[in-house]
Amino acid sequence: MNLSVNIAGVTLKNPVMSASGTFGSGHEFADWMDPGKLGAIVTKGVSAVPWEGNPTPRVAETPSGMLNAIGLQNPGIDVFVNRDLKELEKYTDTKVIVNVCGKTAEDYIKVVERLSDEPRADLLEINISCPNVKEGGIAFGQNADSVFAITKKLKSVSKKPVIMKLSPNVTDITEMARAAEAGGADAVSLINTLTGMKIDIERRRPLLANMTGGLSGPAIRPVAVRMVWQTVRAVKIPVIGMGGIASAEDALEFLLAGASAVAVGTANFNDPLTMEKVVSGIEKYMERHGLDDVSMLRL
Amino acid sequence: MADKRTQEKAWVINQTEMIPGIMDLLIKAPKTAASAAPGQFISVYCADKSRLLPRPISICDADKYTGALRLVYRVGGAGTEEFSKLGPGETIRIQGPLGNGFPLDADIQSVLIVGGGIGIPPLLYLAKNLNMKKTLVMGYPSVTYLDEELAQYGDLFIATEDGSRGTKGNVINAMEENGLTADAIMACGPLPMLKALKQYGEAHSMSVIISMEERMACGIGACLACVCKSTEKDPYLNISKKRVCLEGPVFDAREVEL
């Protein structure tokens, strides 16, 4: 049975990866599961300099989901390259996708250039869709012209394949996907979180210090499946699907919708073994349906 | 990976309501109990899948020989409401023990163990395991709990907000009223209490070790939800913050900004 998939010339042994920001740099989870079982590890967003992130509370649980407003706290690219990327060298059979964030185009370029010669960074995922930072992030991702421009800029400096991570907080996500494709993106990943809010009625104020946050978890899955379905039919580049995947059945919806690979995010917080279960569940499903290649799943 | 930590399906041995809204849950969780240290916590997962995030609950007591783990927690929302309905023989999914506990081998001869509200339960396990002169100071809104058990381990001073028992007011009032000092303070409770204890410690030249609380998601250091401000740059995070779940929840009060 062939579970391997190809994203922009990089072969993943299976189509399951972590969603950025829910899995640290992988080693945080290593006591609880084996990151080496994944097709790819997607690391938490890293910027040119260390970022402080938002004040707390940064998370709130909501029905079948959660809101987060971490604010892309990260130690900066220097520490990331010298420590986290090194640490990831032990997973020789698993690809590494480094998620990149920035406040300005120059910020993104700095990080992309720095990663270009790092052998352990197999692919780059560009976060132009974080709803929790005022500058950058989402500012690049909610307008097709900006998506095109930033993609083109980064493609011109990157020696690694570039995945643009798209926001669902737009009128038509396929327009953003087409802009990324036109800008030269090697793949797109979607969806990032949906902007949401929760109010603490006893304290009479928003629960998150940031007021709003990004909604993730099974609550957003139908939205994500729909957007992946539409995007797969709008572009020729691979689509990586994510949004509320908590089981193999959930992942299969995305693969049937046409996603080349899938990412598991919030479910890692509920059960660190989720991703291993998703891999084995996809295998069992394929066996049951007499499919010997994961690419046959696509409708 | 022999040393790989795992989740555990724990069996409920017994559960009672100690005082209104505070539950006393005894579970059989041999893997977790085997290494549980005072001040550590566990993640408790809901059976209702619409509630995704684990609830971090402190360890009130653990017995590595019987595998029993005792959790005393407040019913504060839908998740803990679900736990409060568990009866003998039912199972519950847990993960842990998590975080760093209190230093048990600190070079001190005496300690003030100070707790407030729902910060009190982990201090029972601490009091049991600290081998030195112990004085306990516990603050409650009104009705007391765990006080009789705590009193077995040292002189116990109680403060209640309504003055129904002990000193009327908070733990600081009780400490001042009784002139309590020691080599160190070890504490768990609400943030204003921890702030006041930090000042009290500075005024009386006592080191202050505190257990912090913050809203968490993963509980294992990955999501960066539960950070607190630290006085110095954290070598791992590379900014002046620390993760309550991983670097904490127990900190030297000088390490963190309250």
# chains A, B, ... in the order shown; residues from 1 in each chain; ligands from 1
>>> interface_residues(of="chain B", to="chain A", cutoff="6 Å", atoms="only C-alpha atoms", output="list in words")
Lys4, Arg5, Thr6, Ser50, Arg51, Leu52, Leu53, Cys218, Ala222, Cys223, Ala225, Leu237 and Asn238 of chain B
>>> select_by_dssp(residues="region 107-203 of chain B", states="helix (DSSP H, G or I)", output="PDB file with C-alpha atoms, in the first residue's frame")
ATOM      1  CA  GLY B 117      -9.169  28.854  48.136  1.00  0.00           C
ATOM      2  CA  ILE B 118      -8.783  26.128  45.545  1.00  0.00           C
ATOM      3  CA  GLY B 119      -4.989  26.514  45.780  1.00  0.00           C
ATOM      4  CA  PRO B 121      -5.300  20.868  47.750  1.00  0.00           C
ATOM      5  CA  PRO B 122      -1.728  20.439  46.392  1.00  0.00           C
ATOM      6  CA  LEU B 123      -0.388  21.696  49.711  1.00  0.00           C
ATOM      7  CA  LEU B 124      -1.609  18.597  51.518  1.00  0.00           C
ATOM      8  CA  TYR B 125       0.672  16.413  49.421  1.00  0.00           C
ATOM      9  CA  LEU B 126       3.453  18.960  49.943  1.00  0.00           C
ATOM     10  CA  ALA B 127       2.988  19.046  53.728  1.00  0.00           C
ATOM     11  CA  LYS B 128       3.094  15.260  53.818  1.00  0.00           C
ATOM     12  CA  ASN B 129       6.399  15.153  51.991  1.00  0.00           C
ATOM     13  CA  ASP B 147      -8.048  21.640  57.346  1.00  0.00           C
ATOM     14  CA  GLU B 148      -8.236  18.644  59.671  1.00  0.00           C
ATOM     15  CA  GLU B 149      -5.930  16.650  57.428  1.00  0.00           C
ATOM     16  CA  LEU B 150      -3.519  19.560  57.035  1.00  0.00           C
ATOM     17  CA  ALA B 151      -3.355  20.034  60.805  1.00  0.00           C
ATOM     18  CA  GLN B 152      -1.662  16.633  61.116  1.00  0.00           C
ATOM     19  CA  TYR B 153       1.488  18.066  59.573  1.00  0.00           C
ATOM     20  CA  VAL B 171      -3.760  34.623  54.984  1.00  0.00           C
ATOM     21  CA  ILE B 172      -1.567  37.708  55.249  1.00  0.00           C
ATOM     22  CA  ASN B 173      -3.782  38.985  58.090  1.00  0.00           C
ATOM     23  CA  ALA B 174      -3.362  35.626  59.833  1.00  0.00           C
ATOM     24  CA  MET B 175       0.405  35.659  59.322  1.00  0.00           C
ATOM     25  CA  GLU B 176       0.744  39.202  60.652  1.00  0.00           C
ATOM     26  CA  GLU B 177      -1.609  38.590  63.567  1.00  0.00           C
ATOM     27  CA  LEU B 191      -2.740  35.860  42.218  1.00  0.00           C
ATOM     28  CA  PRO B 192      -3.394  38.702  44.734  1.00  0.00           C
ATOM     29  CA  MET B 193      -2.411  36.314  47.535  1.00  0.00           C
ATOM     30  CA  LEU B 194       0.782  35.323  45.738  1.00  0.00           C
ATOM     31  CA  LYS B 195       1.645  38.983  45.175  1.00  0.00           C
ATOM     32  CA  ALA B 196       1.123  39.776  48.856  1.00  0.00           C
ATOM     33  CA  LEU B 197       3.226  36.778  49.883  1.00  0.00           C
ATOM     34  CA  LYS B 198       6.059  37.857  47.627  1.00  0.00           C
ATOM     35  CA  GLN B 199       6.061  41.232  49.423  1.00  0.00           C
ATOM     36  CA  TYR B 200       5.739  39.571  52.835  1.00  0.00           C
ATOM     37  CA  GLY B 201       8.697  37.350  51.981  1.00  0.00           C
ATOM     38  CA  GLU B 202      10.793  40.319  50.886  1.00  0.00           C
ATOM     39  CA  ALA B 203       9.897  42.229  54.073  1.00  0.00           C
TER      40      ALA B 203
END
>>> residues_around(residues="Ile199 (chain A)", least_positions_apart="3", cutoff="10 Å", atoms="only C-alpha atoms", output="list in words")
Ala60, Glu202, Arg203, Arg204, Arg205, Pro206, Leu207, Leu208, Met211 and Thr212 of chain A
>>> residues_around(residues="Lys153 (chain A)", least_positions_apart="5", cutoff="9 Å", atoms="only C-alpha atoms", output="list of chain:residue names")
A:Ala105, A:Ile109, A:Phe148, A:Ser158, A:Gly183
>>> residues_around(residues="Thr193 (chain A)", least_positions_apart="5", cutoff="10 Å", atoms="only C-alpha atoms", output="PyMOL selection string")
chain A and resi 66-68+129-132+166-169+213-217+220+224+242-244
>>> write_last_selection(atoms="C-alpha atoms", output="JSON list (two decimals), in the first residue's frame")
[["chain", "number", "residue", "atom", "x", "y", "z"],
["A", 66, "MET", "CA", -11.22, 26.57, 21.03],
["A", 67, "LEU", "CA", -10.18, 30.15, 20.52],
["A", 68, "ASN", "CA", -6.53, 31.07, 20.67],
["A", 129, "SER", "CA", -3.30, 34.35, 7.80],
["A", 130, "CYS", "CA", -2.78, 34.68, 11.55],
["A", 131, "PRO", "CA", -5.76, 36.61, 12.90],
["A", 132, "ASN", "CA", -4.04, 37.44, 16.19],
["A", 166, "LEU", "CA", -4.50, 30.85, 3.60],
["A", 167, "SER", "CA", -7.07, 32.52, 5.79],
["A", 168, "PRO", "CA", -10.74, 31.53, 5.77],
["A", 169, "ASN", "CA", -11.63, 35.07, 6.86],
["A", 213, "GLY", "CA", -8.98, 34.91, 18.71],
["A", 214, "GLY", "CA", -8.78, 32.20, 16.09],
["A", 215, "LEU", "CA", -11.38, 29.45, 16.26],
["A", 216, "SER", "CA", -10.14, 25.92, 15.61],
["A", 217, "GLY", "CA", -11.26, 22.38, 16.29],
["A", 220, "ILE", "CA", -14.80, 24.58, 11.91],
["A", 224, "ALA", "CA", -12.67, 23.78, 6.07],
["A", 242, "MET", "CA", -6.72, 21.23, 7.70],
["A", 243, "GLY", "CA", -9.39, 22.44, 10.09],
["A", 244, "GLY", "CA", -10.80, 20.36, 12.91]]
>>> residues_around(residues="region 95-98 of chain A", least_positions_apart="4", cutoff="9 Å", atoms="only C-alpha atoms", output="number ranges by chain")
A: 10-13, 20, 38-46, 85, 88, 91, 115, 120-126
>>> residues_around(residues="Phe251 (chain B)", least_positions_apart="2", cutoff="8 Å", atoms="only C-alpha atoms", output="list of chain:residue names")
B:Ile209, B:Ile210, B:Ser211, B:Met212, B:Glu247, B:Gly248, B:Pro249, B:Ala253, B:Glu255, B:Val256
>>> atom_distance(atom1="CA of Ile120 (chain B)", atom2="CA of Ala34 (chain B)")
22.1 Å
>>> select_by_dssp(residues="region 47-276 of chain A", states="strand (DSSP E)", output="PyMOL selection string")
chain A and resi 59-62+65-68+95-100+123-127+162-165+187-190+194-197+199-200+205-206+212-216+239-242+261-264
>>> closest_residue(among="A:Leu291, A:Val188, A:Ala149, A:Ala139", to="Leu3 (chain A)", atoms="only C-alpha atoms")
A:Leu291
>>> decode(residues="region 20-37 of chain B", atoms="N, CA and C atoms", output="PDB file, in the first residue's frame")
ATOM      1  N   PRO B  20     -19.793  22.413  49.653  1.00  0.00           N
ATOM      2  CA  PRO B  20     -20.487  22.720  48.402  1.00  0.00           C
ATOM      3  C   PRO B  20     -19.536  23.224  47.305  1.00  0.00           C
ATOM      4  N   GLY B  21     -19.531  22.515  46.174  1.00  0.00           N
ATOM      5  CA  GLY B  21     -18.738  22.938  45.027  1.00  0.00           C
ATOM      6  C   GLY B  21     -17.309  22.431  44.993  1.00  0.00           C
ATOM      7  N   ILE B  22     -16.855  21.782  46.064  1.00  0.00           N
ATOM      8  CA  ILE B  22     -15.490  21.239  46.084  1.00  0.00           C
ATOM      9  C   ILE B  22     -15.565  19.711  46.175  1.00  0.00           C
ATOM     10  N   MET B  23     -15.027  19.053  45.148  1.00  0.00           N
ATOM     11  CA  MET B  23     -15.120  17.596  45.080  1.00  0.00           C
ATOM     12  C   MET B  23     -13.809  16.940  45.512  1.00  0.00           C
ATOM     13  N   ASP B  24     -13.942  15.753  46.062  1.00  0.00           N
ATOM     14  CA  ASP B  24     -12.807  14.959  46.511  1.00  0.00           C
ATOM     15  C   ASP B  24     -12.853  13.655  45.715  1.00  0.00           C
ATOM     16  N   LEU B  25     -11.976  13.550  44.730  1.00  0.00           N
ATOM     17  CA  LEU B  25     -12.007  12.403  43.804  1.00  0.00           C
ATOM     18  C   LEU B  25     -10.777  11.531  44.006  1.00  0.00           C
ATOM     19  N   LEU B  26     -11.027  10.261  44.239  1.00  0.00           N
ATOM     20  CA  LEU B  26      -9.940   9.308  44.418  1.00  0.00           C
ATOM     21  C   LEU B  26      -9.949   8.362  43.222  1.00  0.00           C
ATOM     22  N   ILE B  27      -8.837   8.302  42.510  1.00  0.00           N
ATOM     23  CA  ILE B  27      -8.776   7.435  41.338  1.00  0.00           C
ATOM     24  C   ILE B  27      -7.603   6.486  41.417  1.00  0.00           C
ATOM     25  N   LYS B  28      -7.726   5.390  40.684  1.00  0.00           N
ATOM     26  CA  LYS B  28      -6.616   4.442  40.603  1.00  0.00           C
ATOM     27  C   LYS B  28      -5.880   4.743  39.310  1.00  0.00           C
ATOM     28  N   ALA B  29      -4.675   5.249  39.440  1.00  0.00           N
ATOM     29  CA  ALA B  29      -3.875   5.651  38.278  1.00  0.00           C
ATOM     30  C   ALA B  29      -2.422   5.313  38.555  1.00  0.00           C
ATOM     31  N   PRO B  30      -2.094   4.012  38.534  1.00  0.00           N
ATOM     32  CA  PRO B  30      -0.769   3.575  39.001  1.00  0.00           C
ATOM     33  C   PRO B  30       0.410   4.218  38.278  1.00  0.00           C
ATOM     34  N   LYS B  31       0.312   4.393  36.959  1.00  0.00           N
ATOM     35  CA  LYS B  31       1.449   4.953  36.226  1.00  0.00           C
ATOM     36  C   LYS B  31       1.713   6.394  36.655  1.00  0.00           C
ATOM     37  N   THR B  32       0.631   7.144  36.806  1.00  0.00           N
ATOM     38  CA  THR B  32       0.759   8.553  37.170  1.00  0.00           C
ATOM     39  C   THR B  32       1.173   8.685  38.632  1.00  0.00           C
ATOM     40  N   ALA B  33       0.539   7.903  39.488  1.00  0.00           N
ATOM     41  CA  ALA B  33       0.826   7.986  40.918  1.00  0.00           C
ATOM     42  C   ALA B  33       2.279   7.607  41.220  1.00  0.00           C
ATOM     43  N   ALA B  34       2.836   6.735  40.381  1.00  0.00           N
ATOM     44  CA  ALA B  34       4.187   6.236  40.630  1.00  0.00           C
ATOM     45  C   ALA B  34       5.232   7.348  40.686  1.00  0.00           C
ATOM     46  N   SER B  35       5.020   8.404  39.913  1.00  0.00           N
ATOM     47  CA  SER B  35       6.051   9.440  39.883  1.00  0.00           C
ATOM     48  C   SER B  35       5.535  10.823  40.272  1.00  0.00           C
ATOM     49  N   ALA B  36       4.291  10.901  40.749  1.00  0.00           N
ATOM     50  CA  ALA B  36       3.706  12.203  41.066  1.00  0.00           C
ATOM     51  C   ALA B  36       4.424  12.880  42.230  1.00  0.00           C
ATOM     52  N   ALA B  37       4.852  14.112  42.016  1.00  0.00           N
ATOM     53  CA  ALA B  37       5.539  14.872  43.059  1.00  0.00           C
ATOM     54  C   ALA B  37       4.658  16.034  43.507  1.00  0.00           C
TER      55      ALA B  37
END
